[in-house]
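A.B. asks: File start-v4.cif follows (mmCIF, C-alpha atoms):
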data_input
loop_
_atom_site.label_atom_id
_atom_site.label_comp_id
_atom_site.auth_asym_id
_atom_site.auth_seq_id
_atom_site.Cartn_x
_atom_site.Cartn_y
_atom_site.Cartn_z
CA MET A 1 0.00 0.00 0.00
CA PRO A 2 1.34 3.45 -0.85
CA GLU A 3 2.29 5.66 2.10
CA THR A 4 -0.45 8.30 1.39
CA ASN A 5 -3.28 5.71 1.40
CA LYS A 6 -1.96 4.21 4.58
CA SER A 7 -2.07 7.50 6.45
CA ALA A 8 -5.60 8.22 5.17
CA VAL A 9 -6.86 4.90 6.55
CA GLU A 10 -5.09 5.58 9.86
CA GLY A 11 -6.77 9.01 10.02
CA ALA A 12 -10.25 7.53 9.39
CA ARG A 13 -9.69 4.91 12.08
CA ARG A 14 -8.75 7.62 14.58
CA ALA A 15 -11.76 9.82 13.66
CA TRP A 16 -14.36 7.04 13.87
CA PRO A 17 -14.72 6.99 17.69
CA LEU A 18 -15.10 10.77 17.72
CA LEU A 19 -17.77 10.61 15.03
CA PHE A 20 -19.57 7.87 16.95
CA LEU A 21 -19.56 9.96 20.14
CA LEU A 22 -20.89 12.99 18.26
CA ILE A 23 -23.80 10.98 16.81
CA MET A 24 -24.63 9.53 20.25
CA ALA A 25 -24.58 12.99 21.84
CA MET A 26 -26.97 14.32 19.19
CA ALA A 27 -29.32 11.38 19.69
CA VAL A 28 -29.38 11.87 23.48
CA ALA A 29 -30.04 15.59 23.07
CA LEU A 30 -32.90 14.90 20.65
CA LEU A 31 -34.52 12.28 22.91
CA SER A 32 -34.30 14.40 26.06
CA GLY A 33 -35.90 17.30 24.18
CA CYS A 34 -38.86 15.12 23.18
CA ALA A 35 -39.27 13.83 26.72
CA ALA A 36 -39.33 17.35 28.16
CA GLN A 37 -41.97 18.39 25.66
CA SER A 38 -44.23 15.44 26.34
CA SER A 39 -44.13 16.00 30.13
CA GLN A 40 -45.72 19.47 29.70
CA PRO A 41 -49.47 19.32 28.91
CA SER A 42 -49.81 21.23 25.63
CA GLY A 43 -48.37 24.50 26.86
CA GLN A 44 -50.92 25.00 29.67
CA LYS A 45 -49.90 26.89 32.77
CA PRO A 46 -51.19 25.85 36.19
CA GLN A 47 -54.06 28.10 37.13
CA ALA A 48 -54.23 29.92 40.42
CA GLU A 49 -57.52 29.56 42.22
CA GLN A 50 -59.66 32.64 41.75
CA PRO A 51 -60.62 34.22 45.07
CA SER A 52 -64.35 34.59 45.53
CA GLY A 53 -65.71 37.72 43.96
CA SER A 54 -62.36 39.03 42.85
CA GLY A 55 -63.44 39.71 39.28
CA SER A 56 -64.94 42.99 38.23
CA GLY A 57 -68.04 41.18 37.12
CA GLN A 58 -68.66 43.82 34.49
CA GLY A 59 -68.16 43.00 30.85
CA ALA A 60 -66.21 39.86 31.62
CA SER A 61 -66.09 37.11 29.05
CA ARG A 62 -68.61 34.30 29.37
CA SER A 63 -66.23 31.86 30.98
CA GLU A 64 -65.03 34.50 33.44
CA LEU A 65 -68.42 35.87 34.46
CA GLY A 66 -67.85 36.29 38.19
CA HIS A 67 -69.97 37.86 40.87
CA PRO A 68 -71.16 41.35 40.08
CA VAL A 69 -69.18 43.79 42.21
CA LEU A 70 -69.07 47.49 42.92
CA GLY A 71 -66.14 49.24 44.56
CA ASP A 72 -62.44 48.79 45.13
CA VAL A 73 -60.91 45.36 45.45
CA GLY A 74 -58.91 46.59 48.46
CA ALA A 75 -61.85 48.18 50.30
CA PRO A 76 -61.70 47.41 54.03
CA VAL A 77 -65.41 46.60 54.15
CA VAL A 78 -66.99 43.98 51.91
CA MET A 79 -70.74 43.64 51.86
CA VAL A 80 -72.12 40.56 50.14
CA GLU A 81 -75.81 40.76 49.30
CA TYR A 82 -77.88 37.66 48.65
CA GLY A 83 -80.85 38.88 46.66
CA ASP A 84 -83.92 37.87 44.72
CA PHE A 85 -85.38 40.31 42.21
CA GLN A 86 -89.00 39.21 42.76
CA MET B 1 -74.01 53.36 50.31
CA LYS B 2 -72.79 55.18 47.22
CA GLU B 3 -70.43 57.46 49.13
CA TYR B 4 -68.84 54.51 50.93
CA VAL B 5 -68.24 52.79 47.60
CA GLU B 6 -66.88 55.94 45.98
CA SER B 7 -64.56 56.70 48.89
CA GLY B 8 -63.03 53.22 48.65
CA THR B 9 -64.41 52.11 52.02
CA LEU B 10 -67.00 49.67 50.75
CA ARG B 11 -67.06 46.99 48.13
CA MET B 12 -70.40 45.39 47.32
CA GLU B 13 -70.77 41.92 45.90
CA TRP B 14 -73.94 40.41 44.53
CA ARG B 15 -75.03 36.80 44.94
CA ASP B 16 -78.19 35.45 43.33
CA PHE B 17 -80.57 33.77 45.70
CA PRO B 18 -83.65 33.15 43.53
CA TYR B 19 -85.81 31.28 46.03
CA LEU B 20 -89.24 32.49 44.89
CA GLY B 21 -89.63 30.34 41.81
CA GLN B 22 -88.96 30.42 38.08
CA GLY B 23 -89.66 34.16 37.80
CA SER B 24 -86.81 34.78 40.23
CA VAL B 25 -84.49 32.59 38.22
CA ASP B 26 -85.52 34.29 34.94
CA ALA B 27 -84.82 37.75 36.35
CA ALA B 28 -81.49 36.67 37.81
CA VAL B 29 -80.43 35.12 34.50
CA ALA B 30 -81.45 38.29 32.66
CA ALA B 31 -79.37 40.36 35.07
CA ARG B 32 -76.36 38.15 34.32
CA ALA B 33 -76.94 38.72 30.62
CA ALA B 34 -76.85 42.44 31.40
CA GLN B 35 -73.62 41.87 33.35
CA GLU B 36 -72.15 40.30 30.24
CA GLN B 37 -72.68 43.67 28.58
CA GLY B 38 -71.26 45.61 31.53
CA ARG B 39 -74.60 46.87 32.82
CA PHE B 40 -75.49 44.60 35.69
CA TRP B 41 -76.16 47.33 38.26
CA GLU B 42 -78.27 49.43 35.91
CA TYR B 43 -80.39 46.39 35.13
CA HIS B 44 -80.46 45.38 38.80
CA ASP B 45 -81.94 48.77 39.70
CA LEU B 46 -84.53 48.53 36.92
CA LEU B 47 -85.62 45.07 38.07
CA TYR B 48 -86.19 46.31 41.62
CA GLU B 49 -88.06 49.36 40.35
CA ASN B 50 -90.35 47.19 38.23
CA GLN B 51 -91.09 44.18 40.41
CA SER B 52 -94.85 44.40 40.20
CA GLY B 53 -96.35 41.90 37.75
CA GLY B 54 -93.41 39.54 37.83
CA PHE B 55 -90.87 39.11 35.06
CA PRO B 56 -92.27 37.65 31.85
CA ARG B 57 -89.81 37.49 28.96
CA ASP B 58 -91.13 40.57 27.13
CA LYS B 59 -90.76 42.66 30.27
CA LEU B 60 -87.18 41.52 30.77
CA VAL B 61 -86.43 42.48 27.18
CA GLU B 62 -88.12 45.85 27.57
CA LEU B 63 -86.02 46.56 30.66
CA ALA B 64 -82.92 45.54 28.74
CA ARG B 65 -83.78 48.12 26.11
CA GLU B 66 -84.31 50.70 28.86
CA ALA B 67 -80.92 49.83 30.35
CA GLY B 68 -79.27 50.51 26.99
CA LEU B 69 -78.32 46.90 26.30
CA ASP B 70 -77.79 45.34 22.91
CA VAL B 71 -81.23 43.72 22.89
CA GLU B 72 -80.52 41.24 20.14
CA ARG B 73 -77.49 39.91 21.98
CA PHE B 74 -79.41 39.94 25.27
CA GLU B 75 -82.23 37.85 23.76
CA ALA B 76 -79.77 35.44 22.20
CA ASP B 77 -78.10 34.94 25.60
CA LEU B 78 -81.47 34.27 27.25
CA ALA B 79 -82.45 31.82 24.52
CA ALA B 80 -79.14 30.01 24.94
CA HIS B 81 -79.74 29.60 28.71
CA GLU B 82 -76.25 30.95 29.06
CA TYR B 83 -76.29 31.94 32.74
CA GLU B 84 -78.73 29.61 34.47
CA GLN B 85 -75.95 27.48 35.84
CA THR B 86 -74.16 30.53 37.27
CA VAL B 87 -77.36 31.61 39.02
CA ILE B 88 -78.06 28.12 40.37
CA GLU B 89 -74.50 27.82 41.67
CA ASP B 90 -74.90 31.10 43.54
CA PHE B 91 -78.17 29.87 45.03
CA ARG B 92 -76.65 26.58 46.17
CA GLY B 93 -73.65 28.41 47.60
CA GLY B 94 -76.00 30.59 49.65
CA GLN B 95 -77.90 27.58 50.92
CA GLN B 96 -74.66 25.93 51.97
CA ARG B 97 -73.79 29.05 53.95
CA GLY B 98 -77.15 28.91 55.73
CA ILE B 99 -78.90 31.70 53.82
CA SER B 100 -82.65 31.14 53.86
CA GLY B 101 -84.22 34.34 52.56
CA THR B 102 -83.59 37.71 50.98
CA PRO B 103 -82.25 40.19 51.33
CA THR B 104 -79.43 38.86 53.44
CA PHE B 105 -76.25 40.87 53.84
CA VAL B 106 -72.89 39.66 55.02
CA ILE B 107 -70.65 42.53 56.11
CA ASN B 108 -67.09 41.41 56.71
CA GLY B 109 -68.46 38.05 57.77
CA ASN B 110 -71.31 39.35 59.97
CA VAL B 111 -74.75 38.30 58.76
CA LEU B 112 -77.64 40.78 58.64
CA ALA B 113 -80.91 39.18 57.57
CA GLY B 114 -83.79 41.21 56.17
CA MET B 115 -84.21 44.85 55.21
CA GLN B 116 -82.68 47.32 57.61
CA PRO B 117 -82.84 51.11 57.91
CA VAL B 118 -80.06 52.94 56.05
CA GLY B 119 -78.60 54.17 59.34
CA PHE B 120 -78.22 50.59 60.48
CA PHE B 121 -76.07 49.81 57.44
CA GLU B 122 -74.03 52.95 57.93
CA ASN B 123 -73.27 52.00 61.50
CA ALA B 124 -72.39 48.47 60.45
CA ILE B 125 -70.03 49.74 57.74
CA VAL B 126 -68.31 52.22 60.05
CA GLN B 127 -67.92 49.55 62.72
CA ALA B 128 -66.60 47.00 60.21
CA LYS B 129 -64.10 49.52 58.87
CA ARG B 130 -62.89 50.32 62.37
CA GLU B 131 -62.42 46.63 63.12
CA ALA B 132 -60.66 46.03 59.80
CA GLU B 133 -58.24 48.84 60.59
CA GLY B 134 -57.45 47.35 63.96
CA GLY B 135 -59.74 49.45 66.17
CA SER B 136 -62.56 48.12 68.34
#
Represent the structure contained in this file as structure tokens.
C.D. replies:
Amino acid sequence: MPETNKSAVEGARRAWPLLFLLIMAMAVALLSGCAAQSSQPSGQKPQAEQPSGSGSGQGASRSELGHPVLGDVGAPVVMVEYGDFQ
Amino acid sequence: MKEYVESGTLRMEWRDFPYLGQGSVDAAVAARAAQEQGRFWEYHDLLYENQSGGFPRDKLVELAREAGLDVERFEADLAAHEYEQTVIEDFRGGQQRGISGTPTFVINGNVLAGMQPVGFFENAIVQAKREAEGGS
């Protein structure tokens, strides 16, 4: 075998373990990324529990229609009225 | 009450307690439809001013018009039974807390059942504020 071919084969032999390690590292990175994504339920954030009557109750969207309120959230006195319009 | 609300002393919260039958439920649901359009309190006042004769559908719609609501949207919400569940949940919540009639007021946790003179409420608010601020 000519000297130039010999050194090329030697070089490929030396590079092979490095190439193998690089491929393995990429595979591990890819798999761990998939696992992290699947453990999070479709981008939803945990919801804090809404305190009673904390919404403005005016013009809220249907799903957020809270108790109708009047006055400041931080008012020192809160009066809850249970009422019937009849 | 208005001056206590405006001064930041008082916050009022409404809970439906429709214990007098379907008419009560219908009016409460209509008021929630008004709330959806940002006019709950205007509609609330109109309902109380027009209690006589009950609350048939056409009257509820007429009051909605008077309150400046988008009547078409209001009627669509009523037809869709959009807020009945909200009203019923309020009612059940009241029952669980021992409410048995209206009006019942809970001021910083203290229950006042039945209509009271305005001065009575004023005293209760002043007292509750004092207690909330650490006085006696």
A.B. asks: Give me the chain B side of the contact with chain A, cut-off 7 Å, one line per residue showing its nearest atom pair and distance in Å at one decimal, counting only C-alpha atoms, sorted by chain and residue number, as a tab-separated table.
C.D. replies:
residue	atom	partner	partner_atom	distance
B:Val5	CA	A:Gly71	CA	5.1
B:Glu6	CA	A:Gly71	CA	6.9
B:Gly8	CA	A:Ala75	CA	5.4
B:Thr9	CA	A:Ala75	CA	5.0
B:Leu10	CA	A:Val77	CA	4.8
B:Arg11	CA	A:Gly71	CA	4.3
B:Met12	CA	A:Met79	CA	4.9
B:Glu13	CA	A:Val69	CA	4.4
B:Trp14	CA	A:Glu81	CA	5.1
B:Arg15	CA	A:Tyr82	CA	4.8
B:Asp16	CA	A:Gly83	CA	5.5
B:Phe17	CA	A:Gly83	CA	5.2
B:Pro18	CA	A:Asp84	CA	4.9
B:Tyr19	CA	A:Asp84	CA	7.0
B:Ser24	CA	A:Gln86	CA	5.6
B:Ala27	CA	A:Phe85	CA	6.4
B:Ala28	CA	A:Phe85	CA	6.9
B:Gln35	CA	A:Gln58	CA	5.5
B:Glu36	CA	A:Gly59	CA	4.9
B:Gln37	CA	A:Gly59	CA	5.1
B:Gly38	CA	A:Gly59	CA	4.1
B:Arg39	CA	A:Gln58	CA	6.9
B:Phe40	CA	A:Pro68	CA	7.0
B:Leu47	CA	A:Phe85	CA	6.3
B:Tyr48	CA	A:Phe85	CA	6.1
B:Gln51	CA	A:Gln86	CA	5.9
B:Gly54	CA	A:Gln86	CA	6.6
B:Thr102	CA	A:Gly83	CA	5.2
B:Pro103	CA	A:Gly83	CA	5.0
B:Thr104	CA	A:Tyr82	CA	5.2
B:Phe105	CA	A:Glu81	CA	4.6
B:Val106	CA	A:Val80	CA	5.0
B:Ile107	CA	A:Met79	CA	4.4
B:Asn108	CA	A:Val78	CA	5.4
B:Ile125	CA	A:Val77	CA	6.6
B:Ala128	CA	A:Val77	CA	6.2
B:Lys129	CA	A:Val77	CA	5.7
B:Ala132	CA	A:Pro76	CA	6.0
A.B. asks: So what does the PyMOL selection byres ((chain B and resi 87) around 10) actually pick up in this one, as an MDAnalysis selection string?
C.D. replies: (chainID A and resid 67) or (chainID B and resid 15:18 25:26 28:29 31:32 83:86 88:93)
A.B. asks: For the residues in that selection, give me C-alpha atoms as a CSV table (one decimal), in the frame of the given file.
C.D. replies:
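Writing done, so here's out.csv:
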chain,number,residue,atom,x,y,z
A,67,HIS,CA,-70.0,37.9,40.9
B,15,ARG,CA,-75.0,36.8,44.9
B,16,ASP,CA,-78.2,35.4,43.3
B,17,PHE,CA,-80.6,33.8,45.7
B,18,PRO,CA,-83.6,33.2,43.5
B,25,VAL,CA,-84.5,32.6,38.2
B,26,ASP,CA,-85.5,34.3,34.9
B,28,ALA,CA,-81.5,36.7,37.8
B,29,VAL,CA,-80.4,35.1,34.5
B,31,ALA,CA,-79.4,40.4,35.1
B,32,ARG,CA,-76.4,38.2,34.3
B,83,TYR,CA,-76.3,31.9,32.7
B,84,GLU,CA,-78.7,29.6,34.5
B,85,GLN,CA,-76.0,27.5,35.8
B,86,THR,CA,-74.2,30.5,37.3
B,88,ILE,CA,-78.1,28.1,40.4
B,89,GLU,CA,-74.5,27.8,41.7
B,90,ASP,CA,-74.9,31.1,43.5
B,91,PHE,CA,-78.2,29.9,45.0
B,92,ARG,CA,-76.6,26.6,46.2
B,93,GLY,CA,-73.6,28.4,47.6
A.B. asks: What separation in Å, quoted to one decimal, exists between atom CA of Arg97 of chain B and atom CA of Phe121 of chain B?
C.D. replies: 21.2 Å
A.B. asks: What is the distance between atom CA of Leu78 of chain B and atom CA of Arg57 of chain B, in Å to one decimal?
C.D. replies: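 Those two atoms sit 9.1 Å apart.
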A.B. asks: If we count only C-alpha atoms and set the cut-off at 12 Å, which residues sit around Glu62 of chain B, ignoring sequence neighbours fewer than 3 positions away in its own chain? Please answer as a list in words.
C.D. replies: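 Residues near the query, excluding close chain neighbours: Ala30, Tyr43, Leu46, Leu47, Asn50, Phe55, Pro56, Arg57, Asp58, Lys59, Arg65, Glu66, Ala67, Gly68, Leu69, Asp70, Val71, Glu72, Phe74 and Glu75 of chain B.
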A.B. asks: If you measure from atom CA of Ser52 of chain B to atom CA of Gln116 of chain B, what distance in Å do you get, rounded to one decimal?
C.D. replies: 21.4 Å
A.B. asks: Can you sort out the box for segment 57-70 of chain B, edges along x, y and z, all listed atoms in, 8 Å on every side, with centre and edge lengths in Å to one decimal, as JSON?
C.D. replies:
{"center_x": -84.5, "center_y": 44.1, "center_z": 26.8, "size_x": 29.3, "size_y": 29.2, "size_z": 23.9}
